[in-house]
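Structure below is upload_14.cif: mmCIF, N, CA and C atoms.
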```
data_model
#
loop_
_atom_site.label_atom_id
_atom_site.label_comp_id
_atom_site.auth_asym_id
_atom_site.auth_seq_id
_atom_site.Cartn_x
_atom_site.Cartn_y
_atom_site.Cartn_z
N MET A 3 6.53 0.78 -14.51
CA MET A 3 7.21 0.65 -15.77
C MET A 3 7.31 -0.82 -16.09
N GLU A 4 7.12 -1.14 -17.33
CA GLU A 4 7.19 -2.54 -17.72
C GLU A 4 7.47 -2.66 -19.21
N THR A 5 7.86 -3.85 -19.59
CA THR A 5 8.06 -4.15 -21.00
C THR A 5 7.31 -5.44 -21.31
N LYS A 6 7.04 -5.64 -22.58
CA LYS A 6 6.38 -6.87 -23.01
C LYS A 6 7.13 -7.38 -24.23
N ASP A 7 7.40 -8.67 -24.25
CA ASP A 7 8.13 -9.29 -25.36
C ASP A 7 9.49 -8.64 -25.58
N GLY A 8 10.12 -8.22 -24.49
CA GLY A 8 11.46 -7.66 -24.58
C GLY A 8 11.51 -6.21 -24.99
N ALA A 9 10.39 -5.62 -25.29
CA ALA A 9 10.33 -4.20 -25.67
C ALA A 9 8.94 -3.68 -25.32
N ASN A 10 8.33 -2.91 -26.21
CA ASN A 10 6.99 -2.36 -25.95
C ASN A 10 6.92 -1.76 -24.55
N CYS A 11 7.80 -0.82 -24.27
CA CYS A 11 7.90 -0.21 -22.95
C CYS A 11 6.66 0.63 -22.64
N LYS A 12 6.28 0.63 -21.36
CA LYS A 12 5.21 1.52 -20.93
C LYS A 12 5.44 1.92 -19.48
N ALA A 13 4.82 3.02 -19.10
CA ALA A 13 4.96 3.54 -17.75
C ALA A 13 3.58 3.84 -17.18
N THR A 14 3.46 3.67 -15.87
CA THR A 14 2.23 3.97 -15.15
C THR A 14 2.60 4.73 -13.89
N VAL A 15 1.87 5.81 -13.62
CA VAL A 15 2.05 6.55 -12.39
C VAL A 15 0.77 6.40 -11.59
N GLU A 16 0.91 5.91 -10.36
CA GLU A 16 -0.25 5.73 -9.50
C GLU A 16 -0.07 6.57 -8.24
N CYS A 17 -0.99 7.49 -8.03
CA CYS A 17 -1.00 8.36 -6.86
C CYS A 17 -2.32 8.16 -6.13
N ASP A 18 -2.49 8.86 -5.02
CA ASP A 18 -3.73 8.74 -4.25
C ASP A 18 -4.97 9.06 -5.08
N ASP A 19 -4.82 9.96 -6.05
CA ASP A 19 -5.98 10.36 -6.86
C ASP A 19 -6.18 9.52 -8.11
N GLY A 20 -5.46 8.44 -8.25
CA GLY A 20 -5.68 7.54 -9.38
C GLY A 20 -4.43 7.18 -10.14
N LYS A 21 -4.65 6.45 -11.20
CA LYS A 21 -3.59 5.85 -12.01
C LYS A 21 -3.62 6.46 -13.41
N LYS A 22 -2.45 6.80 -13.93
CA LYS A 22 -2.34 7.30 -15.30
C LYS A 22 -1.32 6.46 -16.03
N GLU A 23 -1.74 5.90 -17.17
CA GLU A 23 -0.85 5.05 -17.96
C GLU A 23 -0.34 5.84 -19.16
N TYR A 24 0.95 5.73 -19.38
CA TYR A 24 1.59 6.41 -20.50
C TYR A 24 1.92 5.40 -21.60
N ASN A 25 1.86 5.86 -22.82
CA ASN A 25 2.20 5.07 -24.01
C ASN A 25 1.67 3.64 -23.95
N VAL A 26 0.35 3.53 -23.89
CA VAL A 26 -0.32 2.23 -23.83
C VAL A 26 0.16 1.36 -24.99
N GLY A 27 0.50 0.12 -24.68
CA GLY A 27 0.96 -0.81 -25.70
C GLY A 27 2.34 -0.50 -26.25
N GLY A 28 3.06 0.42 -25.61
CA GLY A 28 4.41 0.75 -26.07
C GLY A 28 4.46 1.85 -27.11
N ALA A 29 3.31 2.38 -27.49
CA ALA A 29 3.27 3.44 -28.51
C ALA A 29 3.91 4.72 -27.97
N GLY A 30 4.78 5.31 -28.75
CA GLY A 30 5.37 6.59 -28.39
C GLY A 30 6.64 6.53 -27.56
N TRP A 31 7.06 5.35 -27.17
CA TRP A 31 8.32 5.23 -26.40
C TRP A 31 9.40 4.99 -27.43
N ASN A 32 10.12 6.04 -27.79
CA ASN A 32 11.05 5.96 -28.92
C ASN A 32 12.46 5.51 -28.54
N VAL A 33 12.72 5.23 -27.27
CA VAL A 33 14.04 4.77 -26.86
C VAL A 33 13.92 3.51 -26.00
N CYS A 34 13.13 2.56 -26.45
CA CYS A 34 12.86 1.33 -25.70
C CYS A 34 13.99 0.32 -25.96
N TYR A 35 15.15 0.61 -25.38
CA TYR A 35 16.31 -0.26 -25.49
C TYR A 35 17.21 0.00 -24.28
N VAL A 36 18.16 -0.87 -24.02
CA VAL A 36 19.06 -0.71 -22.88
C VAL A 36 19.78 0.63 -22.99
N GLY A 37 19.65 1.42 -21.94
CA GLY A 37 20.31 2.72 -21.90
C GLY A 37 19.49 3.87 -22.46
N GLY A 38 18.40 3.58 -23.13
CA GLY A 38 17.55 4.64 -23.68
C GLY A 38 16.74 5.30 -22.57
N ARG A 39 16.80 6.62 -22.49
CA ARG A 39 16.10 7.36 -21.42
C ARG A 39 14.89 8.06 -22.00
N GLN A 40 13.71 7.66 -21.54
CA GLN A 40 12.45 8.24 -22.02
C GLN A 40 11.93 9.23 -20.98
N PHE A 41 11.53 10.42 -21.44
CA PHE A 41 11.03 11.47 -20.56
C PHE A 41 9.51 11.57 -20.62
N PHE A 42 8.91 11.91 -19.48
CA PHE A 42 7.46 12.07 -19.36
C PHE A 42 7.18 13.27 -18.48
N THR A 43 5.94 13.73 -18.50
CA THR A 43 5.47 14.75 -17.57
C THR A 43 4.12 14.30 -17.03
N ASP A 44 4.01 14.30 -15.73
CA ASP A 44 2.76 13.96 -15.06
C ASP A 44 2.36 15.19 -14.24
N PRO A 45 1.10 15.61 -14.33
CA PRO A 45 0.70 16.82 -13.61
C PRO A 45 0.84 16.70 -12.08
N ARG A 46 0.92 15.50 -11.57
CA ARG A 46 1.01 15.31 -10.11
C ARG A 46 2.43 15.27 -9.59
N ILE A 47 3.36 14.71 -10.36
CA ILE A 47 4.74 14.58 -9.88
C ILE A 47 5.73 15.37 -10.72
N GLY A 48 5.28 15.93 -11.82
CA GLY A 48 6.16 16.71 -12.68
C GLY A 48 6.91 15.86 -13.68
N GLU A 49 8.05 16.36 -14.10
CA GLU A 49 8.85 15.67 -15.11
C GLU A 49 9.57 14.47 -14.49
N PHE A 50 9.61 13.37 -15.25
CA PHE A 50 10.33 12.19 -14.80
C PHE A 50 10.83 11.43 -16.01
N SER A 51 11.77 10.52 -15.77
CA SER A 51 12.30 9.71 -16.86
C SER A 51 12.52 8.28 -16.37
N ILE A 52 12.56 7.37 -17.33
CA ILE A 52 12.81 5.96 -17.06
C ILE A 52 13.88 5.47 -18.03
N THR A 53 14.86 4.76 -17.49
CA THR A 53 15.91 4.15 -18.29
C THR A 53 16.01 2.68 -17.88
N PHE A 54 15.86 1.77 -18.82
CA PHE A 54 16.11 0.35 -18.53
C PHE A 54 17.60 0.12 -18.71
N SER A 55 18.27 -0.33 -17.65
CA SER A 55 19.73 -0.38 -17.69
C SER A 55 20.31 -1.76 -17.99
N GLU A 56 19.47 -2.79 -18.09
CA GLU A 56 19.97 -4.14 -18.41
C GLU A 56 18.98 -4.89 -19.28
N LYS A 57 19.48 -5.96 -19.84
CA LYS A 57 18.63 -6.92 -20.54
C LYS A 57 18.74 -8.24 -19.78
N ASP A 58 17.60 -8.86 -19.49
CA ASP A 58 17.57 -10.14 -18.77
C ASP A 58 18.29 -10.07 -17.43
N GLY A 59 18.02 -9.01 -16.65
CA GLY A 59 18.65 -8.81 -15.35
C GLY A 59 18.39 -9.97 -14.41
N GLU A 60 19.34 -10.22 -13.53
CA GLU A 60 19.27 -11.34 -12.60
C GLU A 60 17.97 -11.34 -11.81
N MET A 61 17.25 -12.46 -11.85
CA MET A 61 16.01 -12.68 -11.11
C MET A 61 14.88 -11.72 -11.51
N GLN A 62 14.94 -11.17 -12.74
CA GLN A 62 13.93 -10.21 -13.17
C GLN A 62 13.20 -10.65 -14.43
N GLY A 63 13.50 -11.81 -14.93
CA GLY A 63 12.85 -12.26 -16.15
C GLY A 63 13.64 -11.86 -17.38
N GLU A 64 13.00 -12.03 -18.54
CA GLU A 64 13.65 -11.74 -19.81
C GLU A 64 13.24 -10.37 -20.33
N GLY A 65 14.07 -9.83 -21.19
CA GLY A 65 13.77 -8.54 -21.80
C GLY A 65 14.47 -7.41 -21.08
N LEU A 66 13.97 -6.20 -21.27
CA LEU A 66 14.56 -5.03 -20.64
C LEU A 66 14.23 -5.05 -19.15
N THR A 67 15.25 -4.86 -18.33
CA THR A 67 15.08 -4.95 -16.88
C THR A 67 15.89 -3.85 -16.19
N THR A 68 15.87 -3.88 -14.87
CA THR A 68 16.63 -2.97 -14.03
C THR A 68 16.33 -1.50 -14.38
N PRO A 69 15.07 -1.10 -14.20
CA PRO A 69 14.71 0.29 -14.53
C PRO A 69 15.28 1.27 -13.51
N ILE A 70 15.68 2.42 -14.03
CA ILE A 70 16.14 3.53 -13.21
C ILE A 70 15.12 4.66 -13.40
N LEU A 71 14.51 5.07 -12.31
CA LEU A 71 13.54 6.16 -12.32
C LEU A 71 14.24 7.43 -11.88
N GLN A 72 13.98 8.52 -12.58
CA GLN A 72 14.50 9.82 -12.18
C GLN A 72 13.35 10.82 -12.24
N VAL A 73 13.20 11.60 -11.16
CA VAL A 73 12.16 12.61 -11.07
C VAL A 73 12.86 13.96 -10.88
N LYS A 74 12.48 14.92 -11.71
CA LYS A 74 13.16 16.22 -11.69
C LYS A 74 13.21 16.83 -10.29
N TYR A 75 12.12 16.73 -9.55
CA TYR A 75 12.04 17.39 -8.25
C TYR A 75 12.45 16.49 -7.09
N VAL A 76 13.05 15.36 -7.36
CA VAL A 76 13.62 14.53 -6.31
C VAL A 76 15.14 14.62 -6.45
N ALA A 77 15.72 15.49 -5.64
CA ALA A 77 17.18 15.70 -5.63
C ALA A 77 17.75 15.95 -7.02
N ASP A 78 17.02 16.77 -7.80
CA ASP A 78 17.49 17.17 -9.14
C ASP A 78 17.87 15.96 -10.01
N TRP A 79 16.87 15.13 -10.28
CA TRP A 79 17.01 13.96 -11.16
C TRP A 79 17.82 12.83 -10.53
N LEU A 80 17.74 12.66 -9.23
CA LEU A 80 18.42 11.55 -8.56
C LEU A 80 18.03 10.22 -9.21
N ALA A 81 19.01 9.37 -9.48
CA ALA A 81 18.75 8.06 -10.06
C ALA A 81 18.23 7.12 -8.97
N ILE A 82 17.00 6.62 -9.15
CA ILE A 82 16.36 5.73 -8.18
C ILE A 82 16.37 4.32 -8.74
N PRO A 83 17.13 3.41 -8.14
CA PRO A 83 17.20 2.02 -8.63
C PRO A 83 15.95 1.25 -8.21
N VAL A 84 14.93 1.31 -9.01
CA VAL A 84 13.62 0.78 -8.68
C VAL A 84 13.67 -0.67 -8.23
N ASN A 85 14.39 -1.51 -8.94
CA ASN A 85 14.41 -2.93 -8.60
C ASN A 85 15.01 -3.17 -7.22
N ASP A 86 16.04 -2.42 -6.86
CA ASP A 86 16.64 -2.57 -5.53
C ASP A 86 15.62 -2.28 -4.44
N PHE A 87 14.83 -1.21 -4.62
CA PHE A 87 13.81 -0.87 -3.63
C PHE A 87 12.69 -1.90 -3.61
N ALA A 88 12.32 -2.40 -4.77
CA ALA A 88 11.27 -3.43 -4.83
C ALA A 88 11.73 -4.70 -4.11
N GLU A 89 12.99 -5.03 -4.21
CA GLU A 89 13.52 -6.22 -3.52
C GLU A 89 13.45 -6.04 -2.00
N GLN A 90 13.65 -4.81 -1.51
CA GLN A 90 13.51 -4.56 -0.06
C GLN A 90 12.09 -4.89 0.38
N TYR A 91 11.11 -4.50 -0.41
CA TYR A 91 9.72 -4.79 -0.08
C TYR A 91 9.47 -6.31 -0.12
N ASN A 92 10.02 -6.99 -1.13
CA ASN A 92 9.86 -8.44 -1.22
C ASN A 92 10.40 -9.14 0.02
N LYS A 93 11.53 -8.67 0.54
CA LYS A 93 12.10 -9.26 1.76
C LYS A 93 11.15 -9.07 2.93
N TYR A 94 10.50 -7.92 3.02
CA TYR A 94 9.52 -7.68 4.07
C TYR A 94 8.35 -8.65 3.94
N VAL A 95 7.83 -8.81 2.72
CA VAL A 95 6.69 -9.71 2.50
C VAL A 95 7.06 -11.13 2.89
N ASP A 96 8.24 -11.59 2.48
CA ASP A 96 8.70 -12.94 2.84
C ASP A 96 8.82 -13.10 4.35
N CYS A 97 9.35 -12.10 5.01
CA CYS A 97 9.52 -12.15 6.46
C CYS A 97 8.17 -12.12 7.16
N ASP A 98 7.28 -11.27 6.69
CA ASP A 98 5.99 -11.07 7.33
C ASP A 98 5.07 -12.28 7.21
N ARG A 99 5.32 -13.14 6.25
CA ARG A 99 4.49 -14.34 6.07
C ARG A 99 4.47 -15.22 7.32
N ASP A 100 5.53 -15.14 8.10
CA ASP A 100 5.63 -15.95 9.32
C ASP A 100 5.17 -15.17 10.55
N GLY A 101 4.21 -14.28 10.37
CA GLY A 101 3.70 -13.50 11.49
C GLY A 101 4.67 -12.45 12.00
N GLY A 102 5.54 -11.98 11.11
CA GLY A 102 6.49 -10.95 11.50
C GLY A 102 7.76 -11.48 12.13
N LEU A 103 7.86 -12.78 12.26
CA LEU A 103 9.04 -13.35 12.91
C LEU A 103 10.07 -13.86 11.92
N GLY A 104 9.70 -13.94 10.65
CA GLY A 104 10.65 -14.40 9.66
C GLY A 104 11.15 -15.79 9.94
N GLY A 105 10.34 -16.61 10.58
CA GLY A 105 10.72 -17.98 10.87
C GLY A 105 11.56 -18.13 12.13
N SER A 106 11.83 -17.03 12.80
CA SER A 106 12.66 -17.08 14.01
C SER A 106 12.10 -16.10 15.04
N PRO A 107 12.05 -16.52 16.29
CA PRO A 107 11.56 -15.60 17.32
C PRO A 107 12.53 -14.46 17.61
N PHE A 108 13.72 -14.50 17.04
CA PHE A 108 14.74 -13.48 17.29
C PHE A 108 14.85 -12.46 16.16
N ARG A 109 14.08 -12.62 15.10
CA ARG A 109 14.18 -11.72 13.95
C ARG A 109 12.93 -10.87 13.84
N LYS A 110 13.11 -9.58 13.63
CA LYS A 110 12.00 -8.66 13.45
C LYS A 110 12.02 -8.17 12.01
N CYS A 111 10.87 -8.14 11.37
CA CYS A 111 10.79 -7.71 9.98
C CYS A 111 10.88 -6.19 9.87
N ASP A 112 11.57 -5.73 8.83
CA ASP A 112 11.62 -4.30 8.52
C ASP A 112 10.21 -3.84 8.18
N GLU A 113 9.77 -2.75 8.77
CA GLU A 113 8.41 -2.28 8.56
C GLU A 113 8.32 -1.09 7.61
N GLY A 114 9.39 -0.77 6.91
CA GLY A 114 9.33 0.29 5.92
C GLY A 114 9.54 1.66 6.52
N PRO A 115 9.15 2.71 5.83
CA PRO A 115 8.28 2.70 4.65
C PRO A 115 9.02 2.21 3.41
N PHE A 116 8.27 1.72 2.46
CA PHE A 116 8.83 1.18 1.23
C PHE A 116 8.48 2.10 0.07
N LEU A 117 9.47 2.43 -0.72
CA LEU A 117 9.28 3.33 -1.85
C LEU A 117 8.48 2.67 -2.96
N CYS A 118 8.72 1.40 -3.21
CA CYS A 118 8.03 0.75 -4.31
C CYS A 118 8.02 -0.76 -4.12
N HIS A 119 7.28 -1.42 -4.97
CA HIS A 119 7.29 -2.88 -5.06
C HIS A 119 7.05 -3.24 -6.50
N HIS A 120 7.26 -4.48 -6.85
CA HIS A 120 7.04 -4.89 -8.23
C HIS A 120 5.59 -4.65 -8.58
N GLY A 121 5.37 -3.96 -9.65
CA GLY A 121 4.02 -3.63 -10.09
C GLY A 121 3.84 -2.14 -10.26
N TYR A 122 4.30 -1.34 -9.29
CA TYR A 122 4.25 0.10 -9.42
C TYR A 122 5.12 0.76 -8.38
N VAL A 123 5.35 2.05 -8.55
CA VAL A 123 6.20 2.83 -7.66
C VAL A 123 5.32 3.73 -6.80
N LEU A 124 5.63 3.81 -5.52
CA LEU A 124 4.89 4.68 -4.60
C LEU A 124 5.74 5.89 -4.28
N PHE A 125 5.20 7.08 -4.45
CA PHE A 125 5.91 8.29 -4.06
C PHE A 125 5.40 8.70 -2.69
N LEU A 126 6.27 8.63 -1.70
CA LEU A 126 5.88 8.94 -0.33
C LEU A 126 6.23 10.38 -0.01
N PRO A 127 5.39 11.05 0.79
CA PRO A 127 5.70 12.44 1.15
C PRO A 127 6.91 12.54 2.04
#
```

Do you think you could lay out the structure here as C-alpha cells?
Amino acid sequence: METKDGANCKATVECDDGKKEYNVGGAGWNVCYVGGRQFFTDPRIGEFSITFSEKDGEMQGEGLTTPILQVKYVADWLAIPVNDFAEQYNKYVDCDRDGGLGGSPFRKCDEGPFLCHHGYVLFLP
C-alpha cells in the first residue's frame, strides 16, 4: 500500500504466484484520506481492507501514513499495524549488517519470521 503526493492511494498484493496491483495511479480509491477504509477482494487472500490512520506519521515521510491492513480471514478482520511490523524487519536488517552480531558479540539478531517490510506485505502460512 502506498500513496503519492499525499493521496493517490494504491494497493499491491504479492504472493508466491505473482503480484497484483489495485487501482493503478490511485484510480478507484474513493476514501483516500485519514480514517477512510477501502475494501478489496483478491482471489488468493480473499477480502481485505486498508485504512491510513495518520498524516505525516513519525519517521514515515509526508502524506497518508500508518496503514492498517485487515483481512477477512485473519482473525475476522484483525487490525494489522503494517508499519509496526515493517519496523521489526528494519531492526533485523540493521542488526544483520554486522554479521548478525548487531555490533556486539553479545547480541543476537531476531531471525523472524517477518510479516512484512516497507515495500510490500508478506502473508505467511

Per-residue nearest contacts stretch 51-83 of chain A to stretch 9-13 of chain A, cut-off 8 Å, using only N, CA and C atoms, as JSON lines:
```
{"residue": "A:Glu64", "atom": "C", "partner": "A:Ala9", "partner_atom": "N", "distance": 7.4}
{"residue": "A:Gly65", "atom": "CA", "partner": "A:Ala9", "partner_atom": "N", "distance": 5.7}
{"residue": "A:Leu66", "atom": "N", "partner": "A:Ala9", "partner_atom": "N", "distance": 5.4}
```

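Residue selection for this entry, given the PyMOL selection byres ((chain A and resi 57) around 8), comprises Tyr35, Val36, Gly37, Phe54, Ser55, Glu56, Asp58, Gly59, Glu60, Gly63, Glu64, Gly65, Leu66, Thr67 and Thr68 of chain A.
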
What would the file look like if the residues just selected were written as a PDB file, keeping the file's coordinate frame with N, CA and C atoms?
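Written output follows (part10.pdb):
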```
ATOM      1  N   TYR A  35      15.150   0.610 -25.380  1.00  0.00           N
ATOM      2  CA  TYR A  35      16.310  -0.260 -25.490  1.00  0.00           C
ATOM      3  C   TYR A  35      17.210   0.000 -24.280  1.00  0.00           C
ATOM      4  N   VAL A  36      18.160  -0.870 -24.020  1.00  0.00           N
ATOM      5  CA  VAL A  36      19.060  -0.710 -22.880  1.00  0.00           C
ATOM      6  C   VAL A  36      19.780   0.630 -22.990  1.00  0.00           C
ATOM      7  N   GLY A  37      19.650   1.420 -21.940  1.00  0.00           N
ATOM      8  CA  GLY A  37      20.310   2.720 -21.900  1.00  0.00           C
ATOM      9  C   GLY A  37      19.490   3.870 -22.460  1.00  0.00           C
ATOM     10  N   PHE A  54      15.860   1.770 -18.820  1.00  0.00           N
ATOM     11  CA  PHE A  54      16.110   0.350 -18.530  1.00  0.00           C
ATOM     12  C   PHE A  54      17.600   0.120 -18.710  1.00  0.00           C
ATOM     13  N   SER A  55      18.270  -0.330 -17.650  1.00  0.00           N
ATOM     14  CA  SER A  55      19.730  -0.380 -17.690  1.00  0.00           C
ATOM     15  C   SER A  55      20.310  -1.760 -17.990  1.00  0.00           C
ATOM     16  N   GLU A  56      19.470  -2.790 -18.090  1.00  0.00           N
ATOM     17  CA  GLU A  56      19.970  -4.140 -18.410  1.00  0.00           C
ATOM     18  C   GLU A  56      18.980  -4.890 -19.280  1.00  0.00           C
ATOM     19  N   ASP A  58      17.600  -8.860 -19.490  1.00  0.00           N
ATOM     20  CA  ASP A  58      17.570 -10.140 -18.770  1.00  0.00           C
ATOM     21  C   ASP A  58      18.290 -10.070 -17.430  1.00  0.00           C
ATOM     22  N   GLY A  59      18.020  -9.010 -16.650  1.00  0.00           N
ATOM     23  CA  GLY A  59      18.650  -8.810 -15.350  1.00  0.00           C
ATOM     24  C   GLY A  59      18.390  -9.970 -14.410  1.00  0.00           C
ATOM     25  N   GLU A  60      19.340 -10.220 -13.530  1.00  0.00           N
ATOM     26  CA  GLU A  60      19.270 -11.340 -12.600  1.00  0.00           C
ATOM     27  C   GLU A  60      17.970 -11.340 -11.810  1.00  0.00           C
ATOM     28  N   GLY A  63      13.500 -11.810 -14.930  1.00  0.00           N
ATOM     29  CA  GLY A  63      12.850 -12.260 -16.150  1.00  0.00           C
ATOM     30  C   GLY A  63      13.640 -11.860 -17.380  1.00  0.00           C
ATOM     31  N   GLU A  64      13.000 -12.030 -18.540  1.00  0.00           N
ATOM     32  CA  GLU A  64      13.650 -11.740 -19.810  1.00  0.00           C
ATOM     33  C   GLU A  64      13.240 -10.370 -20.330  1.00  0.00           C
ATOM     34  N   GLY A  65      14.070  -9.830 -21.190  1.00  0.00           N
ATOM     35  CA  GLY A  65      13.770  -8.540 -21.800  1.00  0.00           C
ATOM     36  C   GLY A  65      14.470  -7.410 -21.080  1.00  0.00           C
ATOM     37  N   LEU A  66      13.970  -6.200 -21.270  1.00  0.00           N
ATOM     38  CA  LEU A  66      14.560  -5.030 -20.640  1.00  0.00           C
ATOM     39  C   LEU A  66      14.230  -5.050 -19.150  1.00  0.00           C
ATOM     40  N   THR A  67      15.250  -4.860 -18.330  1.00  0.00           N
ATOM     41  CA  THR A  67      15.080  -4.950 -16.880  1.00  0.00           C
ATOM     42  C   THR A  67      15.890  -3.850 -16.190  1.00  0.00           C
ATOM     43  N   THR A  68      15.870  -3.880 -14.870  1.00  0.00           N
ATOM     44  CA  THR A  68      16.630  -2.970 -14.030  1.00  0.00           C
ATOM     45  C   THR A  68      16.330  -1.500 -14.380  1.00  0.00           C
TER      46      THR A  68
END
```

For stretch 75-79 of chain A: contacts at 6.5 Å, only N, CA and C atoms, fewer than 3 positions along chain excluded, given as a PDB file with N, CA and C atoms, in the frame of the given file:
```pdb
ATOM      1  N   GLU A  49       8.050  16.360 -14.100  1.00  0.00           N
ATOM      2  CA  GLU A  49       8.850  15.670 -15.110  1.00  0.00           C
ATOM      3  C   GLU A  49       9.570  14.470 -14.490  1.00  0.00           C
ATOM      4  N   GLN A  72      13.980   8.520 -12.580  1.00  0.00           N
ATOM      5  CA  GLN A  72      14.500   9.820 -12.180  1.00  0.00           C
ATOM      6  C   GLN A  72      13.350  10.820 -12.240  1.00  0.00           C
ATOM      7  N   ILE A  82      17.000   6.620  -9.150  1.00  0.00           N
ATOM      8  CA  ILE A  82      16.360   5.730  -8.180  1.00  0.00           C
ATOM      9  C   ILE A  82      16.370   4.320  -8.740  1.00  0.00           C
TER      10      ILE A  82
END
```

>> I'd like the interatomic distance between atom N of A:Ser51 and atom CA of A:Glu23, to a tenth of an Å.
In response: 13.9 Å
